[in-house]
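Input: a single structure, listed below in C-alpha cells.
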Amino acid sequence: MHMKLMRGSAALACLSLAAPAAGQDEGTPGYLGTLILTGGKRDLSYGTALSRTVIDKEEVLDRQASTVAQLIDSVPGVMLVNGTTPQGSGINIRGFGANTTFGSDQKIAVQIDGASVGSEELYRIGTQLFTDPLLYKRVEVLRGTIGSFAYGAGIVGGVVKLETKDAADFTGGALGSGGSQTLEYSSNGDGWATSTNLAWMPAEGVEFLFNYTLRDQGNLTAGDGTTIGNSSFRTPSWLAKGKITFGEGDAQSLTLSYSETVADDKDVPYDQFETTANSFGRVDRRTDTSQAVLEYRYNPASDLIDLRANLSYADQTIDVDYIDGSSPFQGGQSVAAFCASPFTGVICADNRYQTTKLTVSNRALFSTGTVAHDMLAGAEVIRKERLDAASSPGGEDRRFALFVVDEMSIGQITLTPALRYEHSRIESAVPLAGVPDSYDNDALMGGLALAYDFGNGLSIFGSAAYTEGLPIIDDLGTAATAQRRIGMTEKSQTLEIGAEYTGLDVLAAGDSLTLRGNYYQTKLWDITSYTVSGSTTVDLDHVQSEGFELEASYGTQSGFYVDLAGHIGKGREYDPDGSSTVWRISPADRVQLTLGKRWSDDLDLSWEVVHAVDRRDALGADLADVTRHNLRATWQPDQGWLEDTAVRFGVENLLDEAYVGHLSSPTRQAPGRTFKVSVTRTF
C-alpha cells in the first residue's frame, strides 16, 4: 500500500503547480527561506532546508474550522487525536506530540505571539492548544528539529506558531477606525460562531484592536447517523491588543496583547480521548487558558540591529469536580478517600500551569569577505510552575537558554549552522521523602542545514539536527521510575534531504509551479516519555521513524489551480530486549488534492479530496482506508451593497462517510456530512 500511494503522489506531483512571488519572512531566522505566493490556497517556502507550511488569514476563514487543531491537520505529517472539541484536540507532528494517553509528550512546541503555551503530561486530557482559530491571522507549522533551536529544547515533531490579528489589518495603517463581523453556521451539531473585530488608530503610531468570539456546538452526528457523545462545547474567547510606534524613523515599537479562551463543561468523561470505556468516571470541568505578551522592538536604519525583547505569560487552569459514583474505581469509598488516593486522585485534581518567559534576540545582516550572514542570536529565561496535586507533586522549572542561527550565503550555496544551550533546575513544591527536592540538567544541541540553488528554479537541500529533551516537572517523584527520568535527558537526531522547484511558464504561458519534496529520518533514545506496552516501570529503548512529505501548487493565468499535500511514513518502537512493534503514534499515510478555479478576486470554488491509509485506532487495531470529499466556495463581490462582504460556503465529508479517525477510540466516530456557511463584513 505504501508504494501504491507513493506512486500516486508522484503522479499527482507532476501535475501540481503554483505562482511565485518572493518575500523574505521578517523577524524569523534567515534559513526559513523565501515565501512563495502560489496560485493555490497555500503559500510554500523556497530556498530553505526547513519544512514549513503557512496558513494565512484567507485560509483560516475559508476552512471554517472550529478548532486550531482542525485547521492545521491538512499540513503533511500533522494529525489529530480526538480533534472534534477544543479541549480534546491533541496535535501530533511526524508521530510526536499528543498520544492516546497524554495531550503532549513535550516534543512539539506551541507559541502564541511568542508565548509558550500548553501543559505538560496531563493524563488523558488533550489541552496542548486550546483556543479559537478566529483570533489569528496566521498559523505557521515548522516540521522537524532543524528549525526549532530558537524556540526550545527537545523539539522532535516541530513547532506551531500562531500570530494574533493586528489593528492595521483592518485600518490599513491609516488614521481612523475599522473592523469586521463574522457569523458562521454548521449544520452538524447546529454549531454557530460570532466574531467581532474593532480596530482604532487615533493618532500616528498608536493603534488598538479588540476581538470577541463566541463559538457554540451541539453533539455531532457520525456518517451512520449515530450521535457522537460529548462532542458539544461552548467557548467564549477574546483578544485585546495595542501597539505604539515611536522614535526616530519609527524605529521603535511596543506591543501589548492579551487573549483568553474558556470552556465550562458539565458531566463529561474525565478521559477526553475516550479510550477507557469511562473507567475514570465523569466530571464537571472548566478549562481557562490565557496569554499575555509584551514585545519591544528596535529596528533602526542599520543592518546590524533588529532587536526584539518578548516578555510573555501563559496560564492554563483546569478545575475539575468529580461526580460521585461515576467511576468503577471508586467502589465503596467516599469521594474524599477516592480523591486522596495517589492512583485515582488524578481524576479529581485541579491542574494549573503558568509559564513566564523573556526572550531577547537580535537579527543582524553583515558580510565577512565573500560570505553574507543573516544571523539570529538570543537568550531566554523561562519559569514554569505547576500546581501541586494529590496524584503528583507540583513544582517549578526554571530554565536559561542561549541560541544562535547563522545563515551564511556563498554564491549559490547557503550553509546554516544552529546551536542552542539550555539549563534547567526543577524544584518540588513539597518535600520528597528520601530523595532530593531539586534537580539540575543541561544540554548543548544544534544542527547544520545546507542548500544549493542551481539558479534555474531548482534547489536541493539537506540537514542534520540533534536535540535533547530536559526533564519536566511531571517527572518529579520518589519511585524508581521517577528517579530514573528526572536525571536523564531524552535524545534525538533527525536527518533530512530534499529538493524543490519553482518556475513560470512551465506548461502554458502565464502559469506557475512550485514543488517541494523531502525525506526525513528520526531516532529517539534515552526515552522517558513512553513505557513498554502494558508496563508502568520499563521505558522503551528507542524509536525510529522515517517519512516522505510532498507539497505542490500549480496555477494558470485563467485562475485554475491545483494544490497537493501528502505524507508517507513508518516507525517502529524497540523494547529493551530488542523486540519491536509499529510505533504506537505513527501518523497515517495521507494525500490531499485540491482542484480549484478563481474568477479574479470575486469567486473561488474548490474541491478537496483527502485519502488516508495505514490507519489504526487508539488500541492498535487496523482501520479501513478512508476517502473524504470537501467542497468550498468563497464569494467576495467588489461592488454594490455587498461590497466589503465575503460569503463562504462549504460541505465537509460530502459523501457522509462513516469512519473512525486515526488513533481515535474505536467507539468514537468522526463527524458525518456537515454544511457550513459564514458571512464576513468589513467596515
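Residue numbering restarts at 1 in every chain; chains get A, B, ... in the order shown in the C-alpha cells, and ligands count up from 1 in that same order.
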
Selection near Val651 (chain A), 8 Å with only C-alpha atoms, sequence-local residues under 2 positions removed, as a short mmCIF file (atom, residue, chain, number, x, y, z; two decimals) with all heavy atoms, in the first residue's frame:
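Output below, filename selection32.cif:
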data_model
loop_
_atom_site.label_atom_id
_atom_site.label_comp_id
_atom_site.auth_asym_id
_atom_site.auth_seq_id
_atom_site.Cartn_x
_atom_site.Cartn_y
_atom_site.Cartn_z
N ASN A 630 -14.43 17.29 0.24
CA ASN A 630 -14.86 18.56 0.82
C ASN A 630 -15.00 19.59 -0.30
O ASN A 630 -14.14 19.66 -1.19
CB ASN A 630 -13.84 19.06 1.85
CG ASN A 630 -13.54 18.04 2.93
OD1 ASN A 630 -14.46 17.42 3.48
ND2 ASN A 630 -12.27 17.84 3.24
N LEU A 631 -16.06 20.36 -0.26
CA LEU A 631 -16.29 21.43 -1.23
C LEU A 631 -16.26 22.77 -0.52
O LEU A 631 -16.76 22.90 0.61
CB LEU A 631 -17.65 21.25 -1.92
CG LEU A 631 -17.89 19.94 -2.66
CD1 LEU A 631 -19.31 19.92 -3.24
CD2 LEU A 631 -16.86 19.74 -3.76
N ARG A 632 -15.69 23.79 -1.20
CA ARG A 632 -15.64 25.13 -0.61
C ARG A 632 -15.88 26.18 -1.69
O ARG A 632 -15.44 26.02 -2.84
CB ARG A 632 -14.29 25.39 0.06
CG ARG A 632 -14.04 24.50 1.26
CD ARG A 632 -12.76 24.86 1.99
NE ARG A 632 -12.60 24.04 3.17
CZ ARG A 632 -11.98 22.86 3.19
NH1 ARG A 632 -11.43 22.40 2.07
NH2 ARG A 632 -11.90 22.16 4.29
N PHE A 649 -19.08 29.20 1.74
CA PHE A 649 -19.93 28.02 1.87
C PHE A 649 -19.06 26.78 1.73
O PHE A 649 -18.14 26.74 0.90
CB PHE A 649 -21.01 28.01 0.79
CG PHE A 649 -21.89 26.79 0.82
CD1 PHE A 649 -22.88 26.65 1.78
CD2 PHE A 649 -21.71 25.77 -0.09
CE1 PHE A 649 -23.68 25.53 1.84
CE2 PHE A 649 -22.51 24.63 -0.07
CZ PHE A 649 -23.50 24.51 0.91
N ASN A 653 -16.99 16.21 4.35
CA ASN A 653 -17.41 14.81 4.28
C ASN A 653 -18.67 14.70 3.41
O ASN A 653 -19.72 14.22 3.84
CB ASN A 653 -17.67 14.23 5.67
CG ASN A 653 -17.75 12.72 5.67
OD1 ASN A 653 -17.65 12.06 4.63
ND2 ASN A 653 -17.98 12.15 6.86
N LEU A 654 -18.52 15.13 2.18
CA LEU A 654 -19.64 15.24 1.25
C LEU A 654 -20.44 13.95 1.12
O LEU A 654 -21.68 13.97 1.07
CB LEU A 654 -19.11 15.67 -0.12
CG LEU A 654 -20.12 15.74 -1.27
CD1 LEU A 654 -21.14 16.85 -1.02
CD2 LEU A 654 -19.40 15.96 -2.60
N ARG A 673 -21.47 14.18 7.29
CA ARG A 673 -21.57 15.32 6.38
C ARG A 673 -21.98 16.59 7.14
O ARG A 673 -22.88 16.57 7.98
CB ARG A 673 -22.57 15.03 5.28
CG ARG A 673 -22.73 16.18 4.28
CD ARG A 673 -23.47 15.76 3.04
NE ARG A 673 -24.69 15.03 3.34
CZ ARG A 673 -24.97 13.81 2.90
NH1 ARG A 673 -24.11 13.17 2.12
NH2 ARG A 673 -26.11 13.23 3.22
N THR A 674 -21.30 17.68 6.83
CA THR A 674 -21.54 18.96 7.50
C THR A 674 -21.58 20.08 6.47
O THR A 674 -20.64 20.25 5.70
CB THR A 674 -20.44 19.27 8.53
OG1 THR A 674 -20.31 18.17 9.44
CG2 THR A 674 -20.78 20.52 9.31
N PHE A 675 -22.67 20.83 6.47
CA PHE A 675 -22.77 22.03 5.64
C PHE A 675 -22.37 23.23 6.48
O PHE A 675 -22.81 23.37 7.63
CB PHE A 675 -24.20 22.22 5.12
CG PHE A 675 -24.67 21.14 4.19
CD1 PHE A 675 -25.35 20.04 4.68
CD2 PHE A 675 -24.40 21.21 2.83
CE1 PHE A 675 -25.78 19.03 3.83
CE2 PHE A 675 -24.82 20.21 1.97
CZ PHE A 675 -25.51 19.12 2.47
N LYS A 676 -21.52 24.09 5.92
CA LYS A 676 -21.05 25.26 6.64
C LYS A 676 -21.26 26.52 5.80
O LYS A 676 -21.05 26.50 4.58
CB LYS A 676 -19.57 25.13 7.00
CG LYS A 676 -19.27 24.00 7.98
CD LYS A 676 -17.82 24.00 8.41
CE LYS A 676 -17.55 22.96 9.48
NZ LYS A 676 -16.15 23.00 9.95
#

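Take the candidates A:Leu209, A:Ser195, A:Pro236, A:Ser257 and check each one against Gly114 (chain A) using only C-alpha atoms; the shortest distance goes to A:Ser257.
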
Pick from A:Gly223, A:Gly447, A:Gly191, A:Pro436 nearest to Ser148 (chain A), counting only C-alpha atoms: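 Among the listed residues, A:Gly447 lies closest to Ser148 (chain A).
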
Which of region 167-387 of chain A fall in helix (DSSP H, G or I), as a list in words: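 Of region 167-387 of chain A, the ones in helix (DSSP H, G or I) are Ala168, Asp169, Phe170, Thr171, Glu248, Gly249, Asp250, Val335, Ala336, Ala337, Phe338, Cys339, Ala340, Gly345, Val346, Ile347 and Cys348 of chain A.
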